[in-house]
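Student: Input: one structure, supplied below.
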Protein chains: 2
Amino acid sequence: MGGHRLNLSTLVFSVAVIIVISHSAQSLPLKHSPRFLRKLAATGSPFAPPQFHYETRYFQQRLDHFSFSELPTFPQRYLISTEHWVGPQRLGPIFFYCGNEGDIEWFAQNTGFVWEIAPRFGAMVVFPEHRYYGESTPFGSAKEAYKDATTLSYLTAEQALADFSVLITDLKQNFSAKDCPVVLFGGSYGGMLAAWMRLKYPHIAVGALASSAPILQFEDIVPPETFYNIVSNSFKRESFTCFNYIKQSWNEIISTGQTYNGLERLTKTFNLCQKLKSTGDLYDWLDSAYSYLAMVNYPYPSDFLMTLPGHPIREVCKRIDGAPAGTNILERIYEGVNVYYNYTGKEKCFELDDDPHGMSGWDWQACTEMVMPMSSNQDSSMFPPYEYNYTSVKEECWNDYGVKPRPKWITTEFGGHDIHTTLKKFGSNIIFSNGLLDPWSGGSVLQNISESVVSLVTEEGAHHIDLRPSTQNDPRWLVEQRETEIKLIEGWISDYHQKNKAVFDM
Amino acid sequence: MGGHRLNLSTLVFSVAVIIVISHSAQSLPLKHSPRFLRKLAATGSPFAPPQFHYETRYFQQRLDHFSFSELPTFPQRYLISTEHWVGPQRLGPIFFYCGNEGDIEWFAQNTGFVWEIAPRFGAMVVFPEHRYYGESTPFGSAKEAYKDATTLSYLTAEQALADFSVLITDLKQNFSAKDCPVVLFGGSYGGMLAAWMRLKYPHIAVGALASSAPILQFEDIVPPETFYNIVSNSFKRESFTCFNYIKQSWNEIISTGQTYNGLERLTKTFNLCQKLKSTGDLYDWLDSAYSYLAMVNYPYPSDFLMTLPGHPIREVCKRIDGAPAGTNILERIYEGVNVYYNYTGKEKCFELDDDPHGMSGWDWQACTEMVMPMSSNQDSSMFPPYEYNYTSVKEECWNDYGVKPRPKWITTEFGGHDIHTTLKKFGSNIIFSNGLLDPWSGGSVLQNISESVVSLVTEEGAHHIDLRPSTQNDPRWLVEQRETEIKLIEGWISDYHQKNKAVFDM
């Protein structure tokens with residue numbers, strides 16, 4: 001059974017990006033995630049987002065819900081609006097966004113869908129921040145929380161889900177709203193949390209919209225080449241020559257890097273602020289650009305991660321392909337990535353990474369639970385061929401954090417193999433929405449599972465565009481997708497009201 | 001929809017027993033659990049149990065599954081038999097008993113049902129021990145594990161469920177048995193674990209037999225008087241005068257205790273080895289006897305906790321009622337409890353408690369997650385009236401362990417309010433079996449929920465008698481109950497095989 005084939009596509013997912021040129025003797029840095037989300041999420045987008053009105057509150061959470069260790073509690077920040085809530089007597093719903101790996105204000109600003117539909121539902125809106133991100137840091141400060149493996153050890157998805165459950169239970173009590181239905185929303189990792197929460201805490205919420213949630217990107221459930229194949233296809237569909245220029249560029253970079261003064265030449269070609277230390281840093285910078293471009297390959301101008309034109313990959317390829325005859329490959333690549341890194345033209349030069357070994361929350365998560373195998377296939381990928389190597393991931397995590405990953409834990413705790421059976425027998429009221437341009441879509445649920453566990457797939461959608469604020473430029477398929485989502489959510493709430501009425505009438 | 005009304009009833013559940021004579025100025029010790037299970041579970045029953053054949057193995061478990069703290073692993077003991085297993089090619093099932101609060105060998109010996117039906121199913125049998133009990137103690141020894149709140153802090157139900165899930169995943173891999181269906185079994189607290197595991201880890205097992213599992217004995221889900229009312233009714237149904245003698249005895253004990261030499265007289269009347277320190281200790285001893293008698297009120301002689309005749313409460317009441325005219329109340333009570341404490345006649349005198357402030361695992365669990373409100377009602381209970389007082393429980397737990405209970409955590413984590421909806425929408429293949437003589441039955445699920453979440457209720461059953469080894473004396477209703485259980489389990493496995501075959505055929 002295929003999913004509803006609407007056309008659609010936002011939050012960016014920090015990706016387990018690993019690049020190794022296997023035929024190169026050079027040792028490349030193995031990155032677990034691009035850094036830009038973290039950077040932006042920490043500072044907030046520089047561009048004025050739609051303004052939503054909320055109060056900011058804090059809730060004291062246990063650091064470890066699953067033990068009774070005497071640990072300091074921490075303040076979990078949450079944004080809350082009761083402006084449109086019709087209140088407990090009318091069983092006004094609670095829209096609860098499962099905060100993911102970043103500052104919650106940034107996610108709130110970029111999740112206009114929830115704010116826009118709340119008045120129609122008479123819903124309360126709550127945006128809780130994920131522990132260890134934004135202001136919700138244990139041990140008093142981000143510096144202390146990120147100090148080492150001991151302080152970081154409570155940054156796990158299960159603890160985050162327990163935070164959400166405890167917070168909802170407390171809010172319901174404080175608002176005398178015990179019987180008000182809760183609807184979960186989430187995008188990317190937050191979408192995974194929303195779907196998992198629906199499975200693990202079915203008594204807490206009546207349904208979940210899990211947008212671009214790659215809950216199957218673990219172990220051998222989906223082929224490890226999936227992610228980079230989809231990125232590559234997004235370039236290939238715009239231009240085969242563009243795809244080929246990029247595919248050829250990696251050897252050019254290596255061979256240039258190996259020549260006398262090669263790193264200086266690359267520094268100059270790519271207009272870097274500091275002298276390039278290794279070609280690996282440049283790979284990483286380019287991989288980030290291509291991967292994120294595929295995620296935010298929206299049909300209209302956006303400034304979610306960077307200020308970008310509509311169909312940004314089309315624009316990148318136009319510049320790569322359209323450079324004057326005689327322009328060499330690396331100059332073409334530079335022209336292309338300028339679309340991503342400098343569309344506004346304000347950057348004088350580029351910083352590759354201001355803190356390559358800095359600890360970020362998602363890097364920690366990727367080194368502990370979120371072990372997502374990623375390979376790059378010789379034929380179908382435009383990236384250098386790379387075979388996923390768990391041993392090197394393990395070593396890197398040990399070097400970076402002194403922690404041993406648990407690659408099988410997520411599937412043990414949440415399932416994943418044979419997810420259709422689990423979702424069919426135990427799941428209900430979950431929407432898995434995905435845009436096929438999104439490289440994460442390959443690790444998500446792309447088929448309808450049952451009457452109430454449905455998949456909304458859009459051909460032209462990228463990374464959870466459905467959650468973004470609506471714009472004048474929204475294509476028809478996007479408008480339709482959101483309407484479908486609203487109808488499904490209305491159905492969940494109406495079912496709940498009917499059941500509740502039946503109980504009252506008894 | 002009522003449950004199947006068979007007639008049925010074994011493992012004893014360490015109960016949150018709290019007795020206070022509210023009109024007495026005396027300060028009574030607030031006990032969280034009788035001590036006898038722990039004692040027996042630690043030493044093994046002194047009576048020769050049926051011999052089942054198994055190997056004893058150990059699996060290294062993480063101490064905290066939900067954090068990445070650098071903690072020492074611990075060896076989880078498990079008993080395993082592959083004697084009758086038909087192997088992975090024939091998808092031989094794995095029967096997995098959810099170990100509860102005691103030595104796993106003791107539970108294995110007293111859970112004959114699983115061993116007896118395994119050959120019929122061609123099943124592997126696994127009895128894993130619950131962490132912190134028996135030999136499965138972290139930190140190298142029970143002494144270290146039970147040292148303080150810090151070392152005890154990982155003794156939680158969620159960690160135990162994660163232990164089970166990790167162990168099953170590992171066993172399946174080692175036996176190349178990935179596709180073999182797992183069936184969960186559990187009685188009492190172990191039954192709660194089995195039911196919760198089916199809800200929380202639906203991808204791990206295909207069904208659960210949760211015998212005498214009071215998953216609703218939390219917060220205000222069932223009235224707090226339930227437990228003691230059922231105990232009292234079990235006496236009342238045998239003899240109203242017996243019920244009344246017991247009901248009157250408490251004031252007798254208090255008033256005797258308050259007289260000059262009163263404690264000496266009580267010591268003598270009850271044939272205690274050491275001089276009674278307070279009447280509270282005597283209450284506690286008697287409460288344990290009555291409560292456990294109600295749990296093991298089996299229709300045939302047994303020696304699960306103590307060597308007892310069949311219908312032991314009938315025997316107790318015979319002695320209380322049948323004492324010669326002129327026998328005073330306390331002497332009658334002494335005659336009665338002799339049935340429980342000294343049916344073999346071997347005891348010269350009675351030790352009330354050899355270690356009243358010793359730490360036991362269940363006491364810790366009752367002080368942390370397993371906060372089960374218990375009251376005693378003036379009219380319907382034969383116990384002294386007592387209104388549950390969370391504040392005093394909290395104080396006691398702080399004094400005993402330096403830990404703060406989390407009384408709402410279990411319902412947040414596992415649900416409980418409106419459990420019917422949760423079980424109906426999310427549960428499948430669960431049998432809740434209960435005997436109505438069992439005081440824990442009032443906190444369990446006594447109604448059929450759906451086609452595959454069923455309740456088997458027996459009028460004459462006590463605490464999980466269905467899991468016990470079969471005997472020549474099994475009443476018809478018990479034989480029938482077990483047959484129904486076997487049929488239901490066969491149905492789960494057959495459904496699984498069909499689904500699996502469909503997948504293979506695809």
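Naming scheme: A, B, ... for chains in displayed order of the structure tokens; residues 1 onward per chain; ligands 1 onward as shown.
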In Å, how much C-alpha RMSD is there between chain B and chain A after the fit, with all atoms paired in order?
Tutor: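 Pairing the C-alpha atoms in order and fitting gives 0.1 Å.
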Student: I'd like a table as JSON lines: residues in chain A with an atom no more than 9 Å from chain B, each row giving the shortest atom pair and its distance in Å to one decimal, only C-alpha atoms counted, sorted by chain and rising residue number.
Tutor:
{"residue": "A:Asp64", "atom": "CA", "partner": "B:Ser67", "partner_atom": "CA", "distance": 7.6}
{"residue": "A:His65", "atom": "CA", "partner": "B:Phe66", "partner_atom": "CA", "distance": 8.5}
{"residue": "A:Phe66", "atom": "CA", "partner": "B:Glu158", "partner_atom": "CA", "distance": 6.5}
{"residue": "A:Ser67", "atom": "CA", "partner": "B:Tyr154", "partner_atom": "CA", "distance": 4.9}
{"residue": "A:Phe68", "atom": "CA", "partner": "B:Ser153", "partner_atom": "CA", "distance": 4.4}
{"residue": "A:Ser69", "atom": "CA", "partner": "B:Ser153", "partner_atom": "CA", "distance": 5.2}
{"residue": "A:Glu70", "atom": "CA", "partner": "B:Thr150", "partner_atom": "CA", "distance": 7.1}
{"residue": "A:Ala149", "atom": "CA", "partner": "B:Ser69", "partner_atom": "CA", "distance": 7.2}
{"residue": "A:Thr150", "atom": "CA", "partner": "B:Ser69", "partner_atom": "CA", "distance": 5.6}
{"residue": "A:Thr151", "atom": "CA", "partner": "B:Ser69", "partner_atom": "CA", "distance": 8.3}
{"residue": "A:Leu152", "atom": "CA", "partner": "B:Phe68", "partner_atom": "CA", "distance": 7.9}
{"residue": "A:Ser153", "atom": "CA", "partner": "B:Phe68", "partner_atom": "CA", "distance": 4.4}
{"residue": "A:Tyr154", "atom": "CA", "partner": "B:Ser67", "partner_atom": "CA", "distance": 4.9}
{"residue": "A:Leu155", "atom": "CA", "partner": "B:Ser67", "partner_atom": "CA", "distance": 7.2}
{"residue": "A:Thr156", "atom": "CA", "partner": "B:Ser67", "partner_atom": "CA", "distance": 6.6}
{"residue": "A:Ala157", "atom": "CA", "partner": "B:Phe66", "partner_atom": "CA", "distance": 8.6}
{"residue": "A:Glu158", "atom": "CA", "partner": "B:Phe66", "partner_atom": "CA", "distance": 6.6}
{"residue": "A:Gln159", "atom": "CA", "partner": "B:Phe66", "partner_atom": "CA", "distance": 6.9}
{"residue": "A:Ala162", "atom": "CA", "partner": "B:Glu413", "partner_atom": "CA", "distance": 7.4}
{"residue": "A:Ser165", "atom": "CA", "partner": "B:Thr412", "partner_atom": "CA", "distance": 6.6}
{"residue": "A:Val166", "atom": "CA", "partner": "B:Thr412", "partner_atom": "CA", "distance": 6.6}
{"residue": "A:Thr169", "atom": "CA", "partner": "B:Thr412", "partner_atom": "CA", "distance": 7.1}
{"residue": "A:Leu199", "atom": "CA", "partner": "B:Lys200", "partner_atom": "CA", "distance": 7.6}
{"residue": "A:Lys200", "atom": "CA", "partner": "B:Lys200", "partner_atom": "CA", "distance": 5.6}
{"residue": "A:Tyr201", "atom": "CA", "partner": "B:Glu413", "partner_atom": "CA", "distance": 7.0}
{"residue": "A:Pro202", "atom": "CA", "partner": "B:Thr422", "partner_atom": "CA", "distance": 6.6}
{"residue": "A:His203", "atom": "CA", "partner": "B:Gly415", "partner_atom": "CA", "distance": 5.7}
{"residue": "A:Ile204", "atom": "CA", "partner": "B:Thr412", "partner_atom": "CA", "distance": 7.8}
{"residue": "A:Thr368", "atom": "CA", "partner": "B:Phe68", "partner_atom": "CA", "distance": 7.5}
{"residue": "A:Val403", "atom": "CA", "partner": "B:Phe68", "partner_atom": "CA", "distance": 7.5}
{"residue": "A:Lys404", "atom": "CA", "partner": "B:Phe68", "partner_atom": "CA", "distance": 8.3}
{"residue": "A:Pro405", "atom": "CA", "partner": "B:Phe68", "partner_atom": "CA", "distance": 8.9}
{"residue": "A:Trp409", "atom": "CA", "partner": "B:Val166", "partner_atom": "CA", "distance": 8.1}
{"residue": "A:Thr412", "atom": "CA", "partner": "B:Ser165", "partner_atom": "CA", "distance": 6.6}
{"residue": "A:Glu413", "atom": "CA", "partner": "B:Tyr201", "partner_atom": "CA", "distance": 6.9}
{"residue": "A:Phe414", "atom": "CA", "partner": "B:Tyr201", "partner_atom": "CA", "distance": 7.2}
{"residue": "A:Gly415", "atom": "CA", "partner": "B:His203", "partner_atom": "CA", "distance": 5.7}
{"residue": "A:Gly416", "atom": "CA", "partner": "B:His203", "partner_atom": "CA", "distance": 8.3}
{"residue": "A:His417", "atom": "CA", "partner": "B:His203", "partner_atom": "CA", "distance": 8.4}
{"residue": "A:Asp418", "atom": "CA", "partner": "B:His203", "partner_atom": "CA", "distance": 8.1}
{"residue": "A:Ile419", "atom": "CA", "partner": "B:His203", "partner_atom": "CA", "distance": 8.0}
{"residue": "A:Thr421", "atom": "CA", "partner": "B:His203", "partner_atom": "CA", "distance": 8.2}
{"residue": "A:Thr422", "atom": "CA", "partner": "B:His203", "partner_atom": "CA", "distance": 5.8}
{"residue": "A:Lys425", "atom": "CA", "partner": "B:Phe426", "partner_atom": "CA", "distance": 7.3}
{"residue": "A:Phe426", "atom": "CA", "partner": "B:Phe426", "partner_atom": "CA", "distance": 4.6}
{"residue": "A:Gly427", "atom": "CA", "partner": "B:Phe426", "partner_atom": "CA", "distance": 6.5}
{"residue": "A:Ser428", "atom": "CA", "partner": "B:Lys425", "partner_atom": "CA", "distance": 7.5}
Student: What parts of range 36-222 of chain B does DSSP call helix (DSSP H, G or I)? I'd like the answer as a PyMOL selection string.
Tutor: chain B and resi 36-43+104-109+112-121+138-140+142-145+149-152+157-174+189-200
Student: If you run DSSP over the backbone, which residues in range 102-321 of chain A end up strand (DSSP E)? Put them as a list in words.
Tutor: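 Those in range 102-321 of chain A that DSSP calls strand (DSSP E) are Met124, Val125, Val126, Phe127, Pro128, Val182, Val183, Leu184, Phe185, Gly186, Gly187, Gly207, Ala208, Leu209, Ala210 and Ser211 of chain A.
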Student: The selected residues should be written to file as a PDB file, in the first residue's frame (atoms: N, CA and C atoms).
Tutor:
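After the write, selection_1.pdb holds the following:
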ATOM      1  N   MET A 124      -4.069  24.766  23.082  1.00  0.00           N
ATOM      2  CA  MET A 124      -2.902  25.284  23.786  1.00  0.00           C
ATOM      3  C   MET A 124      -1.674  24.850  22.986  1.00  0.00           C
ATOM      4  N   VAL A 125      -0.631  25.681  22.970  1.00  0.00           N
ATOM      5  CA  VAL A 125       0.592  25.312  22.254  1.00  0.00           C
ATOM      6  C   VAL A 125       1.756  25.271  23.244  1.00  0.00           C
ATOM      7  N   VAL A 126       2.481  24.172  23.239  1.00  0.00           N
ATOM      8  CA  VAL A 126       3.641  24.029  24.132  1.00  0.00           C
ATOM      9  C   VAL A 126       4.852  23.580  23.307  1.00  0.00           C
ATOM     10  N   PHE A 127       5.926  24.303  23.442  1.00  0.00           N
ATOM     11  CA  PHE A 127       7.201  23.950  22.800  1.00  0.00           C
ATOM     12  C   PHE A 127       8.253  23.722  23.891  1.00  0.00           C
ATOM     13  N   PRO A 128       8.408  22.481  24.323  1.00  0.00           N
ATOM     14  CA  PRO A 128       9.443  22.229  25.331  1.00  0.00           C
ATOM     15  C   PRO A 128      10.805  22.062  24.663  1.00  0.00           C
ATOM     16  N   VAL A 182      -3.772  15.386  23.952  1.00  0.00           N
ATOM     17  CA  VAL A 182      -2.471  15.947  23.565  1.00  0.00           C
ATOM     18  C   VAL A 182      -2.117  15.440  22.169  1.00  0.00           C
ATOM     19  N   VAL A 183      -1.726  16.349  21.304  1.00  0.00           N
ATOM     20  CA  VAL A 183      -1.250  15.958  19.974  1.00  0.00           C
ATOM     21  C   VAL A 183       0.229  16.322  19.879  1.00  0.00           C
ATOM     22  N   LEU A 184       1.033  15.345  19.461  1.00  0.00           N
ATOM     23  CA  LEU A 184       2.474  15.549  19.369  1.00  0.00           C
ATOM     24  C   LEU A 184       2.873  15.978  17.969  1.00  0.00           C
ATOM     25  N   PHE A 185       3.838  16.860  17.889  1.00  0.00           N
ATOM     26  CA  PHE A 185       4.402  17.287  16.611  1.00  0.00           C
ATOM     27  C   PHE A 185       5.915  17.170  16.708  1.00  0.00           C
ATOM     28  N   GLY A 186       6.543  16.895  15.594  1.00  0.00           N
ATOM     29  CA  GLY A 186       7.989  16.882  15.614  1.00  0.00           C
ATOM     30  C   GLY A 186       8.536  16.728  14.226  1.00  0.00           C
ATOM     31  N   GLY A 187       9.705  17.313  14.007  1.00  0.00           N
ATOM     32  CA  GLY A 187      10.344  17.208  12.697  1.00  0.00           C
ATOM     33  C   GLY A 187      11.738  16.662  12.860  1.00  0.00           C
ATOM     34  N   GLY A 207      -2.129  11.300  19.398  1.00  0.00           N
ATOM     35  CA  GLY A 207      -1.620  11.143  18.050  1.00  0.00           C
ATOM     36  C   GLY A 207      -0.335  11.935  17.852  1.00  0.00           C
ATOM     37  N   ALA A 208       0.335  11.660  16.746  1.00  0.00           N
ATOM     38  CA  ALA A 208       1.620  12.323  16.483  1.00  0.00           C
ATOM     39  C   ALA A 208       1.798  12.593  15.000  1.00  0.00           C
ATOM     40  N   LEU A 209       2.209  13.813  14.691  1.00  0.00           N
ATOM     41  CA  LEU A 209       2.650  14.141  13.344  1.00  0.00           C
ATOM     42  C   LEU A 209       4.172  14.102  13.337  1.00  0.00           C
ATOM     43  N   ALA A 210       4.716  13.045  12.734  1.00  0.00           N
ATOM     44  CA  ALA A 210       6.164  12.843  12.705  1.00  0.00           C
ATOM     45  C   ALA A 210       6.665  13.186  11.314  1.00  0.00           C
ATOM     46  N   SER A 211       7.186  14.374  11.183  1.00  0.00           N
ATOM     47  CA  SER A 211       7.599  14.848   9.867  1.00  0.00           C
ATOM     48  C   SER A 211       9.080  14.559   9.647  1.00  0.00           C
TER      49      SER A 211
END
Student: Could you tell me how far CA of Glu116 in chain A lies from CA of Pro214 in chain A, in Å and to one decimal?
Tutor: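 Atom-to-atom, CA of Glu116 in chain A and CA of Pro214 in chain A are spaced 25.3 Å apart.
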Student: If we count only C-alpha atoms, what is near Val337 in chain B at a cut-off of 7 Å, once residues fewer than 3 positions away on the same chain are taken out, given as number ranges by chain?
Tutor: B: 289, 316, 333-334, 340-341
Student: Skip Ser212 in chain A itself and residues of its chain fewer than 2 positions away, then list as a PDB file with all heavy atoms, in the first residue's frame all residues within 7 Å of it, counting only C-alpha atoms.
Tutor:
ATOM      1  N   GLY A 187       9.705  17.313  14.007  1.00  0.00           N
ATOM      2  CA  GLY A 187      10.344  17.208  12.697  1.00  0.00           C
ATOM      3  C   GLY A 187      11.738  16.662  12.860  1.00  0.00           C
ATOM      4  O   GLY A 187      12.417  16.964  13.843  1.00  0.00           O
ATOM      5  N   SER A 188      12.164  15.813  11.905  1.00  0.00           N
ATOM      6  CA  SER A 188      13.517  15.305  11.924  1.00  0.00           C
ATOM      7  C   SER A 188      13.719  14.475  13.189  1.00  0.00           C
ATOM      8  O   SER A 188      12.888  13.617  13.489  1.00  0.00           O
ATOM      9  CB  SER A 188      14.467  16.490  11.840  1.00  0.00           C
ATOM     10  OG  SER A 188      15.740  16.086  11.480  1.00  0.00           O
ATOM     11  N   GLY A 191      10.765  14.514  15.084  1.00  0.00           N
ATOM     12  CA  GLY A 191       9.728  13.649  14.530  1.00  0.00           C
ATOM     13  C   GLY A 191       9.907  12.211  14.990  1.00  0.00           C
ATOM     14  O   GLY A 191       8.934  11.496  15.238  1.00  0.00           O
ATOM     15  N   ALA A 210       4.716  13.045  12.734  1.00  0.00           N
ATOM     16  CA  ALA A 210       6.164  12.843  12.705  1.00  0.00           C
ATOM     17  C   ALA A 210       6.665  13.186  11.314  1.00  0.00           C
ATOM     18  O   ALA A 210       6.562  12.390  10.391  1.00  0.00           O
ATOM     19  CB  ALA A 210       6.507  11.402  13.068  1.00  0.00           C
ATOM     20  N   PRO A 214      13.474   9.846  10.409  1.00  0.00           N
ATOM     21  CA  PRO A 214      14.153   8.628   9.923  1.00  0.00           C
ATOM     22  C   PRO A 214      14.337   7.580  11.016  1.00  0.00           C
ATOM     23  O   PRO A 214      15.462   7.241  11.378  1.00  0.00           O
ATOM     24  CB  PRO A 214      15.488   9.172   9.415  1.00  0.00           C
ATOM     25  CG  PRO A 214      15.755  10.366  10.269  1.00  0.00           C
ATOM     26  CD  PRO A 214      14.412  10.957  10.606  1.00  0.00           C
ATOM     27  N   SER A 433       5.172  12.026   7.632  1.00  0.00           N
ATOM     28  CA  SER A 433       5.188  12.837   6.419  1.00  0.00           C
ATOM     29  C   SER A 433       6.623  12.971   5.929  1.00  0.00           C
ATOM     30  O   SER A 433       7.549  13.170   6.709  1.00  0.00           O
ATOM     31  CB  SER A 433       4.566  14.217   6.685  1.00  0.00           C
ATOM     32  OG  SER A 433       5.345  14.960   7.584  1.00  0.00           O
ATOM     33  N   ASN A 434       6.776  12.811   4.632  1.00  0.00           N
ATOM     34  CA  ASN A 434       8.108  12.878   4.032  1.00  0.00           C
ATOM     35  C   ASN A 434       8.066  13.481   2.646  1.00  0.00           C
ATOM     36  O   ASN A 434       7.134  13.223   1.886  1.00  0.00           O
ATOM     37  CB  ASN A 434       8.709  11.466   3.907  1.00  0.00           C
ATOM     38  CG  ASN A 434       9.219  10.932   5.227  1.00  0.00           C
ATOM     39  OD1 ASN A 434      10.287  11.340   5.692  1.00  0.00           O
ATOM     40  ND2 ASN A 434       8.438  10.061   5.843  1.00  0.00           N
ATOM     41  N   TRP A 440      16.778  12.325   4.194  1.00  0.00           N
ATOM     42  CA  TRP A 440      16.345  11.522   5.343  1.00  0.00           C
ATOM     43  C   TRP A 440      15.105  10.697   5.048  1.00  0.00           C
ATOM     44  O   TRP A 440      14.737   9.824   5.838  1.00  0.00           O
ATOM     45  CB  TRP A 440      16.070  12.430   6.546  1.00  0.00           C
ATOM     46  CG  TRP A 440      17.327  12.981   7.135  1.00  0.00           C
ATOM     47  CD1 TRP A 440      17.729  14.282   7.113  1.00  0.00           C
ATOM     48  CD2 TRP A 440      18.362  12.250   7.818  1.00  0.00           C
ATOM     49  NE1 TRP A 440      18.951  14.416   7.736  1.00  0.00           N
ATOM     50  CE2 TRP A 440      19.360  13.181   8.170  1.00  0.00           C
ATOM     51  CE3 TRP A 440      18.547  10.906   8.138  1.00  0.00           C
ATOM     52  CZ2 TRP A 440      20.528  12.820   8.851  1.00  0.00           C
ATOM     53  CZ3 TRP A 440      19.705  10.541   8.817  1.00  0.00           C
ATOM     54  CH2 TRP A 440      20.682  11.488   9.160  1.00  0.00           C
ATOM     55  N   SER A 441      14.450  10.990   3.934  1.00  0.00           N
ATOM     56  CA  SER A 441      13.204  10.261   3.664  1.00  0.00           C
ATOM     57  C   SER A 441      13.450   8.768   3.507  1.00  0.00           C
ATOM     58  O   SER A 441      12.591   7.951   3.837  1.00  0.00           O
ATOM     59  CB  SER A 441      12.516  10.829   2.413  1.00  0.00           C
ATOM     60  OG  SER A 441      13.309  10.616   1.258  1.00  0.00           O
ATOM     61  N   SER A 444      12.830   6.765   6.598  1.00  0.00           N
ATOM     62  CA  SER A 444      11.561   6.974   7.290  1.00  0.00           C
ATOM     63  C   SER A 444      10.519   5.958   6.828  1.00  0.00           C
ATOM     64  O   SER A 444      10.828   5.029   6.072  1.00  0.00           O
ATOM     65  CB  SER A 444      11.073   8.399   7.044  1.00  0.00           C
ATOM     66  OG  SER A 444       9.931   8.673   7.838  1.00  0.00           O
ATOM     67  N   HIS A 463      13.019  18.575   3.556  1.00  0.00           N
ATOM     68  CA  HIS A 463      13.006  18.212   4.985  1.00  0.00           C
ATOM     69  C   HIS A 463      11.902  18.968   5.740  1.00  0.00           C
ATOM     70  O   HIS A 463      11.954  20.178   5.865  1.00  0.00           O
ATOM     71  CB  HIS A 463      14.393  18.503   5.558  1.00  0.00           C
ATOM     72  CG  HIS A 463      14.736  17.678   6.766  1.00  0.00           C
ATOM     73  ND1 HIS A 463      14.541  16.324   6.843  1.00  0.00           N
ATOM     74  CD2 HIS A 463      15.295  18.029   7.956  1.00  0.00           C
ATOM     75  CE1 HIS A 463      14.955  15.876   8.024  1.00  0.00           C
ATOM     76  NE2 HIS A 463      15.409  16.885   8.722  1.00  0.00           N
ATOM     77  N   HIS A 464      10.940  18.244   6.196  1.00  0.00           N
ATOM     78  CA  HIS A 464       9.741  18.705   6.919  1.00  0.00           C
ATOM     79  C   HIS A 464       9.271  20.132   6.598  1.00  0.00           C
ATOM     80  O   HIS A 464       9.045  20.921   7.506  1.00  0.00           O
ATOM     81  CB  HIS A 464       9.844  18.503   8.422  1.00  0.00           C
ATOM     82  CG  HIS A 464      11.077  19.044   9.082  1.00  0.00           C
ATOM     83  ND1 HIS A 464      11.366  20.373   9.110  1.00  0.00           N
ATOM     84  CD2 HIS A 464      12.052  18.433   9.759  1.00  0.00           C
ATOM     85  CE1 HIS A 464      12.475  20.544   9.774  1.00  0.00           C
ATOM     86  NE2 HIS A 464      12.916  19.394  10.176  1.00  0.00           N
TER      87      HIS A 464
END
Student: Which neighbours of Pro312 in chain A fall inside 10 Å, counting only C-alpha atoms, when residues of the same chain fewer than 2 positions from it are skipped, and could you give them as a count of residues only?
Tutor: 22
Student: Contacts of Ser470 in chain B at 7 Å or less, counting only C-alpha atoms, minus same-chain residues fewer than 3 places along, as a PyMOL selection string?
Tutor: chain B and resi 112-113+474
Student: Expressed in Å to a single decimal, how great is the separation between CA of Gly322 in chain A and CA of Glu252 in chain A?
Tutor: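 So the answer is 19.4 Å.
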Student: Distance CA of Asp466 in chain B-CA of Glu135 in chain B, one decimal place?
Tutor: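 Straight-line distance from CA of Asp466 in chain B to CA of Glu135 in chain B works out to 26.5 Å.
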Student: Name all residues at most 10 Å from range 51-56 of chain A (count only C-alpha atoms; drop same-chain ones fewer than 2 positions away) and give them as a ChimeraX atom specification.
Tutor: /A:48-49,58,77-83,105,108-109,112,115-116,125-128
